[in-house]
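Next comes work.pdb, with PDB, C-alpha atoms.
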```
ATOM      1  CA  MET A   1     -10.139 -10.165  -1.187  1.00  0.00           C
ATOM      2  CA  GLY A   2      -9.255  -9.609   2.451  1.00  0.00           C
ATOM      3  CA  VAL A   3      -7.514  -6.287   1.925  1.00  0.00           C
ATOM      4  CA  ASP A   4      -8.146  -2.832   3.337  1.00  0.00           C
ATOM      5  CA  ILE A   5      -6.899   0.251   1.526  1.00  0.00           C
ATOM      6  CA  VAL A   6      -5.907   3.171   3.730  1.00  0.00           C
ATOM      7  CA  THR A   7      -4.829   6.496   2.284  1.00  0.00           C
ATOM      8  CA  VAL A   8      -2.432   8.528   4.446  1.00  0.00           C
ATOM      9  CA  SER A   9      -1.451  12.193   4.424  1.00  0.00           C
ATOM     10  CA  ARG A  10      -0.534  14.824   7.007  1.00  0.00           C
ATOM     11  CA  ASP A  11      -4.004  16.367   6.788  1.00  0.00           C
ATOM     12  CA  THR A  12      -6.317  16.057   9.792  1.00  0.00           C
ATOM     13  CA  LYS A  13      -9.391  13.812   9.651  1.00  0.00           C
ATOM     14  CA  PHE A  14     -11.463  17.004   9.463  1.00  0.00           C
ATOM     15  CA  VAL A  15      -9.740  18.075   6.239  1.00  0.00           C
ATOM     16  CA  HIS A  16     -10.159  14.527   4.843  1.00  0.00           C
ATOM     17  CA  LEU A  17     -13.896  14.845   5.494  1.00  0.00           C
ATOM     18  CA  ALA A  18     -14.078  18.256   3.816  1.00  0.00           C
ATOM     19  CA  TRP A  19     -12.054  17.110   0.778  1.00  0.00           C
ATOM     20  CA  GLN A  20     -14.041  13.909   0.295  1.00  0.00           C
ATOM     21  CA  GLN A  21     -17.344  15.765   0.508  1.00  0.00           C
ATOM     22  CA  ASP A  22     -16.172  18.601  -1.763  1.00  0.00           C
ATOM     23  CA  GLU A  23     -14.341  16.743  -4.555  1.00  0.00           C
ATOM     24  CA  LYS A  24     -16.732  14.885  -6.862  1.00  0.00           C
ATOM     25  CA  GLU A  25     -13.938  12.494  -7.964  1.00  0.00           C
ATOM     26  CA  LEU A  26     -14.033  11.157  -4.388  1.00  0.00           C
ATOM     27  CA  ALA A  27     -17.808  10.827  -4.111  1.00  0.00           C
ATOM     28  CA  ASN A  28     -17.772   7.008  -4.075  1.00  0.00           C
ATOM     29  CA  VAL A  29     -14.599   6.183  -2.171  1.00  0.00           C
ATOM     30  CA  LYS A  30     -14.759   3.138   0.090  1.00  0.00           C
ATOM     31  CA  TYR A  31     -11.317   3.325   1.721  1.00  0.00           C
ATOM     32  CA  SER A  32     -10.307   4.803   5.069  1.00  0.00           C
ATOM     33  CA  MET A  33      -8.551   8.186   4.969  1.00  0.00           C
ATOM     34  CA  ALA A  34      -5.929   8.271   7.723  1.00  0.00           C
ATOM     35  CA  SER A  35      -4.283  11.257   9.339  1.00  0.00           C
ATOM     36  CA  ASP A  36      -0.510  11.204   9.935  1.00  0.00           C
ATOM     37  CA  VAL A  37      -0.286  14.774  11.230  1.00  0.00           C
ATOM     38  CA  LYS A  38       3.300  14.590  12.506  1.00  0.00           C
ATOM     39  CA  GLY A  39       4.506  12.579   9.521  1.00  0.00           C
ATOM     40  CA  ASP A  40       5.754   9.754  11.785  1.00  0.00           C
ATOM     41  CA  GLN A  41       4.394   6.970   9.585  1.00  0.00           C
ATOM     42  CA  ALA A  42       5.694   8.670   6.439  1.00  0.00           C
ATOM     43  CA  ARG A  43       9.152   8.785   8.080  1.00  0.00           C
ATOM     44  CA  LEU A  44       8.948   5.132   9.121  1.00  0.00           C
ATOM     45  CA  PHE A  45       8.175   4.101   5.532  1.00  0.00           C
ATOM     46  CA  GLY A  46      10.858   6.414   4.139  1.00  0.00           C
ATOM     47  CA  VAL A  47       8.552   8.652   2.116  1.00  0.00           C
ATOM     48  CA  TYR A  48       8.783  11.823   4.210  1.00  0.00           C
ATOM     49  CA  ASP A  49      10.486  14.569   2.210  1.00  0.00           C
ATOM     50  CA  ASP A  50      12.195  16.905   4.698  1.00  0.00           C
ATOM     51  CA  GLY A  51      12.654  19.568   2.042  1.00  0.00           C
ATOM     52  CA  ILE A  52       8.954  20.094   1.482  1.00  0.00           C
ATOM     53  CA  GLY A  53       7.589  18.642   4.743  1.00  0.00           C
ATOM     54  CA  LEU A  54       5.177  16.318   2.956  1.00  0.00           C
ATOM     55  CA  ALA A  55       4.955  12.635   2.057  1.00  0.00           C
ATOM     56  CA  LEU A  56       5.893  11.382  -1.412  1.00  0.00           C
ATOM     57  CA  ARG A  57       3.469   9.107  -3.264  1.00  0.00           C
ATOM     58  CA  GLY A  58       4.404   5.823  -1.596  1.00  0.00           C
ATOM     59  CA  THR A  59       2.381   2.605  -1.704  1.00  0.00           C
ATOM     60  CA  PHE A  60       3.046  -0.242   0.747  1.00  0.00           C
ATOM     61  CA  LEU A  61       1.566  -3.707   0.949  1.00  0.00           C
ATOM     62  CA  ILE A  62       1.509  -5.322   4.416  1.00  0.00           C
ATOM     63  CA  ASN A  63       0.545  -8.983   4.837  1.00  0.00           C
ATOM     64  CA  PRO A  64      -1.773 -10.340   7.571  1.00  0.00           C
ATOM     65  CA  GLU A  65       1.284 -11.143   9.735  1.00  0.00           C
ATOM     66  CA  GLY A  66       2.334  -7.473   9.640  1.00  0.00           C
ATOM     67  CA  ARG A  67       5.250  -7.947   7.250  1.00  0.00           C
ATOM     68  CA  LEU A  68       6.035  -5.393   4.527  1.00  0.00           C
ATOM     69  CA  MET A  69       5.758  -7.254   1.197  1.00  0.00           C
ATOM     70  CA  ASN A  70       5.889  -4.512  -1.416  1.00  0.00           C
ATOM     71  CA  ALA A  71       6.936  -0.868  -1.714  1.00  0.00           C
ATOM     72  CA  GLU A  72       6.616   1.619  -4.547  1.00  0.00           C
ATOM     73  CA  VAL A  73       7.435   5.331  -4.349  1.00  0.00           C
ATOM     74  CA  ASN A  74       6.608   7.932  -6.980  1.00  0.00           C
ATOM     75  CA  PHE A  75       7.706  11.550  -6.908  1.00  0.00           C
ATOM     76  CA  LEU A  76       5.046  14.202  -6.319  1.00  0.00           C
ATOM     77  CA  ASN A  77       4.050  14.747  -9.909  1.00  0.00           C
ATOM     78  CA  VAL A  78       3.344  11.219 -11.166  1.00  0.00           C
ATOM     79  CA  GLY A  79       0.219   9.302 -10.223  1.00  0.00           C
ATOM     80  CA  ARG A  80       0.094   5.598  -9.419  1.00  0.00           C
ATOM     81  CA  ASN A  81      -1.513   2.951 -11.578  1.00  0.00           C
ATOM     82  CA  ILE A  82      -4.141   0.891  -9.776  1.00  0.00           C
ATOM     83  CA  ASP A  83      -3.831  -2.014 -12.255  1.00  0.00           C
ATOM     84  CA  GLU A  84      -0.154  -2.516 -11.409  1.00  0.00           C
ATOM     85  CA  LEU A  85      -0.912  -2.250  -7.699  1.00  0.00           C
ATOM     86  CA  MET A  86      -3.622  -4.912  -7.986  1.00  0.00           C
ATOM     87  CA  ARG A  87      -1.301  -7.122 -10.065  1.00  0.00           C
ATOM     88  CA  LYS A  88       1.291  -7.009  -7.303  1.00  0.00           C
ATOM     89  CA  PHE A  89      -1.329  -7.623  -4.626  1.00  0.00           C
ATOM     90  CA  LYS A  90      -2.757 -10.626  -6.506  1.00  0.00           C
ATOM     91  CA  ALA A  91       0.757 -12.003  -7.038  1.00  0.00           C
ATOM     92  CA  ASN A  92       1.463 -11.696  -3.309  1.00  0.00           C
ATOM     93  CA  LEU A  93      -1.815 -13.427  -2.460  1.00  0.00           C
ATOM     94  CA  TYR A  94      -0.994 -16.206  -4.928  1.00  0.00           C
ATOM     95  CA  VAL A  95       2.503 -16.950  -3.662  1.00  0.00           C
ATOM     96  CA  ALA A  96       1.281 -16.745  -0.057  1.00  0.00           C
ATOM     97  CA  LYS A  97      -1.101 -19.587  -0.991  1.00  0.00           C
ATOM     98  CA  LYS A  98       1.486 -21.488  -3.090  1.00  0.00           C
ATOM     99  CA  PRO A  99       4.890 -20.963  -1.484  1.00  0.00           C
ATOM    100  CA  ASN A 100       6.688 -23.322  -3.918  1.00  0.00           C
ATOM    101  CA  GLU A 101       5.791 -21.115  -6.911  1.00  0.00           C
ATOM    102  CA  VAL A 102       7.056 -17.682  -7.973  1.00  0.00           C
ATOM    103  CA  CYS A 103       5.311 -15.111 -10.171  1.00  0.00           C
ATOM    104  CA  PRO A 104       7.350 -13.883 -13.150  1.00  0.00           C
ATOM    105  CA  SER A 105       7.209 -10.268 -14.343  1.00  0.00           C
ATOM    106  CA  LYS A 106       4.539 -10.963 -16.948  1.00  0.00           C
ATOM    107  CA  TRP A 107       2.233 -12.721 -14.440  1.00  0.00           C
ATOM    108  CA  LYS A 108      -1.091 -10.920 -14.264  1.00  0.00           C
ATOM    109  CA  ASP A 109      -3.672 -13.190 -12.707  1.00  0.00           C
ATOM    110  CA  GLU A 110      -4.415 -16.672 -11.444  1.00  0.00           C
ATOM    111  CA  GLY A 111      -4.021 -19.155 -14.330  1.00  0.00           C
ATOM    112  CA  ASP A 112      -1.020 -17.310 -15.813  1.00  0.00           C
ATOM    113  CA  LYS A 113       2.307 -19.124 -16.043  1.00  0.00           C
ATOM    114  CA  THR A 114       4.300 -19.331 -12.804  1.00  0.00           C
ATOM    115  CA  LEU A 115       7.624 -20.996 -12.111  1.00  0.00           C
ATOM    116  CA  VAL A 116       7.270 -24.052  -9.885  1.00  0.00           C
ATOM    117  CA  ASN A 117      10.024 -25.099  -7.484  1.00  0.00           C
ATOM    118  CA  PRO A 118      12.734 -22.822  -8.931  1.00  0.00           C
ATOM    119  CA  GLY A 119      16.044 -24.495  -8.136  1.00  0.00           C
ATOM    120  CA  ALA A 120      19.314 -25.814  -9.552  1.00  0.00           C
ATOM    121  CA  LYS A 121      17.633 -27.370 -12.601  1.00  0.00           C
ATOM    122  CA  MET A 122      16.103 -24.043 -13.601  1.00  0.00           C
ATOM    123  CA  VAL A 123      19.307 -21.977 -13.438  1.00  0.00           C
ATOM    124  CA  GLY A 124      19.893 -20.596 -16.925  1.00  0.00           C
ATOM    125  CA  LYS A 125      16.729 -22.342 -18.122  1.00  0.00           C
ATOM    126  CA  VAL A 126      14.034 -19.800 -17.213  1.00  0.00           C
ATOM    127  CA  HIS A 127      13.183 -19.310 -20.882  1.00  0.00           C
ATOM    128  CA  GLU A 128      12.463 -23.044 -21.300  1.00  0.00           C
ATOM    129  CA  ALA A 129      10.547 -23.166 -17.999  1.00  0.00           C
ATOM    130  CA  LEU A 130       8.331 -20.269 -19.089  1.00  0.00           C
ATOM    131  CA  LYS A 131       7.639 -21.933 -22.445  1.00  0.00           C
ATOM    132  CA  GLY A 132       7.055 -25.395 -20.963  1.00  0.00           C
TER     133      GLY A 132
ATOM    134  CA  MET B   1      19.977  16.836   5.212  1.00  0.00           C
ATOM    135  CA  PRO B   2      19.092  13.523   6.879  1.00  0.00           C
ATOM    136  CA  ASP B   3      18.660  10.585   4.554  1.00  0.00           C
ATOM    137  CA  THR B   4      15.200   9.316   5.457  1.00  0.00           C
ATOM    138  CA  ALA B   5      15.599   6.196   3.295  1.00  0.00           C
ATOM    139  CA  THR B   6      18.376   4.635   5.386  1.00  0.00           C
ATOM    140  CA  ALA B   7      16.423   4.587   8.669  1.00  0.00           C
ATOM    141  CA  SER B   8      13.175   3.351   7.210  1.00  0.00           C
ATOM    142  CA  LEU B   9      11.560  -0.035   6.766  1.00  0.00           C
ATOM    143  CA  ARG B  10      12.625  -2.373   4.009  1.00  0.00           C
ATOM    144  CA  VAL B  11      10.559  -4.926   2.128  1.00  0.00           C
ATOM    145  CA  GLY B  12      10.495  -8.210   4.031  1.00  0.00           C
ATOM    146  CA  GLN B  13      10.715  -6.558   7.446  1.00  0.00           C
ATOM    147  CA  GLN B  14       8.095  -6.583  10.178  1.00  0.00           C
ATOM    148  CA  VAL B  15       6.110  -3.331  10.411  1.00  0.00           C
ATOM    149  CA  PRO B  16       5.823  -2.068  14.005  1.00  0.00           C
ATOM    150  CA  ASP B  17       2.199  -1.829  15.203  1.00  0.00           C
ATOM    151  CA  PHE B  18       0.707   1.626  14.784  1.00  0.00           C
ATOM    152  CA  GLU B  19      -2.625   3.420  14.929  1.00  0.00           C
ATOM    153  CA  LEU B  20      -3.897   6.395  12.948  1.00  0.00           C
ATOM    154  CA  GLU B  21      -7.083   8.447  13.233  1.00  0.00           C
ATOM    155  CA  THR B  22      -9.249   8.172  10.129  1.00  0.00           C
ATOM    156  CA  TYR B  23     -12.208   9.611   8.314  1.00  0.00           C
ATOM    157  CA  GLU B  24     -14.451   6.790   7.023  1.00  0.00           C
ATOM    158  CA  PRO B  25     -16.309   7.946   3.891  1.00  0.00           C
ATOM    159  CA  THR B  26     -18.583   4.874   3.911  1.00  0.00           C
ATOM    160  CA  LYS B  27     -19.878   5.821   7.358  1.00  0.00           C
ATOM    161  CA  GLY B  28     -19.540   9.592   7.140  1.00  0.00           C
ATOM    162  CA  ASP B  29     -17.807   9.381  10.509  1.00  0.00           C
ATOM    163  CA  PHE B  30     -14.375   9.346  12.121  1.00  0.00           C
ATOM    164  CA  GLY B  31     -12.614   6.114  13.027  1.00  0.00           C
ATOM    165  CA  LYS B  32      -9.261   4.487  13.684  1.00  0.00           C
ATOM    166  CA  PHE B  33      -6.843   2.312  11.723  1.00  0.00           C
ATOM    167  CA  SER B  34      -4.835  -0.200  13.762  1.00  0.00           C
ATOM    168  CA  LEU B  35      -2.239  -2.580  12.324  1.00  0.00           C
ATOM    169  CA  ALA B  36      -2.675  -4.828  15.379  1.00  0.00           C
ATOM    170  CA  GLU B  37      -6.406  -5.130  14.529  1.00  0.00           C
ATOM    171  CA  GLN B  38      -5.541  -5.989  10.913  1.00  0.00           C
ATOM    172  CA  LYS B  39      -3.274  -8.796  12.126  1.00  0.00           C
ATOM    173  CA  LYS B  40      -5.930 -10.051  14.540  1.00  0.00           C
ATOM    174  CA  ASN B  41      -8.516 -10.091  11.722  1.00  0.00           C
ATOM    175  CA  LYS B  42      -6.004 -11.621   9.246  1.00  0.00           C
ATOM    176  CA  ARG B  43      -6.411  -8.746   6.776  1.00  0.00           C
ATOM    177  CA  TRP B  44      -3.929  -7.435   4.206  1.00  0.00           C
ATOM    178  CA  THR B  45      -3.301  -3.669   4.213  1.00  0.00           C
ATOM    179  CA  ILE B  46      -2.392  -1.278   1.417  1.00  0.00           C
ATOM    180  CA  LEU B  47      -1.043   2.034   2.732  1.00  0.00           C
ATOM    181  CA  PHE B  48      -1.294   4.765   0.152  1.00  0.00           C
ATOM    182  CA  PHE B  49       0.742   7.878   1.074  1.00  0.00           C
ATOM    183  CA  TYR B  50       0.254  11.178  -0.745  1.00  0.00           C
ATOM    184  CA  PRO B  51       1.416  14.747  -0.109  1.00  0.00           C
ATOM    185  CA  ALA B  52      -1.832  16.482   0.782  1.00  0.00           C
ATOM    186  CA  ASP B  53      -5.601  16.641   0.341  1.00  0.00           C
ATOM    187  CA  PHE B  54      -6.789  18.896  -2.471  1.00  0.00           C
ATOM    188  CA  THR B  55      -3.891  17.873  -4.717  1.00  0.00           C
ATOM    189  CA  PHE B  56      -4.237  16.463  -8.171  1.00  0.00           C
ATOM    190  CA  VAL B  57      -2.823  13.122  -9.318  1.00  0.00           C
TER     191      VAL B  57
END
```
Could you write out this structure as structure tokens?
Amino acid sequence: MGVDIVTVSRDTKFVHLAWQQDEKELANVKYSMASDVKGDQARLFGVYDDGIGLALRGTFLINPEGRLMNAEVNFLNVGRNIDELMRKFKANLYVAKKPNEVCPSKWKDEGDKTLVNPGAKMVGKVHEALKG
Amino acid sequence: MPDTATASLRVGQQVPDFELETYEPTKGDFGKFSLAEQKKNKRWTILFFYPADFTFV
């Protein structure tokens, strides 16, 4: 789908290697594991917690032009849901392809109802547009 | 305490080019991630921050 997933923590690449080889849950991972030792990238994306000196669980979608299109940050103790991440990625791909459409909250995949050319006529009429 | 959120990137903004050293599990070798390369190759990127290796969720 033209996307690369990169995990980022303050661990070195050596620790990433050791963790991936040790933890059986990670046996089949395909993504790159990046090292942000000084926390500079975590700071840039606003997920560096100065109190604990670690990054929060932040997920960021960057388009092929280098623009930040989506951001989600969870606190340390709640994991992220890959289905919701993929939904948001697919929605971004879709509207990048079809700039005159927008994906409503219930949109899940190509073929689901979108709103086409939202404008003056649709103000206050989203319900009708979604049913139509 | 500094408010990290105010100085950081917002959705819709351009991300400055950056590079990070990586471990590549598919190759069993070290590598590099470069946002400039991603742009050149017209690839989307999902950055997935987490506190530390050997944690749980």
Nearest to Asp17 (chain B), chosen from A:Gly124, A:Gly53, A:Pro118, A:Gly66, with all atoms listed in the file counted in the distances
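That would be A:Gly66, the residue with the smallest distance to Asp17 (chain B).
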Atomic separation - CA of Ala34 (chain A) relative to CA of Asn81 (chain A), Å
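Result for CA of Asn81 (chain A) versus CA of Ala34 (chain A): 20.5 Å, one decimal.
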Please write out, as JSON, where the centre of an axis-aligned box around all listed atoms of region 26-29 of chain B lies and how long its edges are, in Å to one decimal, after adding 6 Å on each side.
```
{"center_x": -18.8, "center_y": 7.2, "center_z": 7.2, "size_x": 14.1, "size_y": 16.7, "size_z": 18.6}
```
Selection under test: the PyMOL selection byres ((chain B) within 7 of (chain A)); residues as a ChimeraX atom specification:
/B:4-5,8-9,11-15,20-26,38-39,42-54,57
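Relative to CA of Arg87 (chain A), CA of Met122 (chain A) is found at 24.5 Å.
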Could you state the separation of CA of Glu19 (chain B) and CA of Ala36 (chain B) in Å, given to one decimal place?
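CA of Glu19 (chain B) sits 8.3 Å away from CA of Ala36 (chain B).
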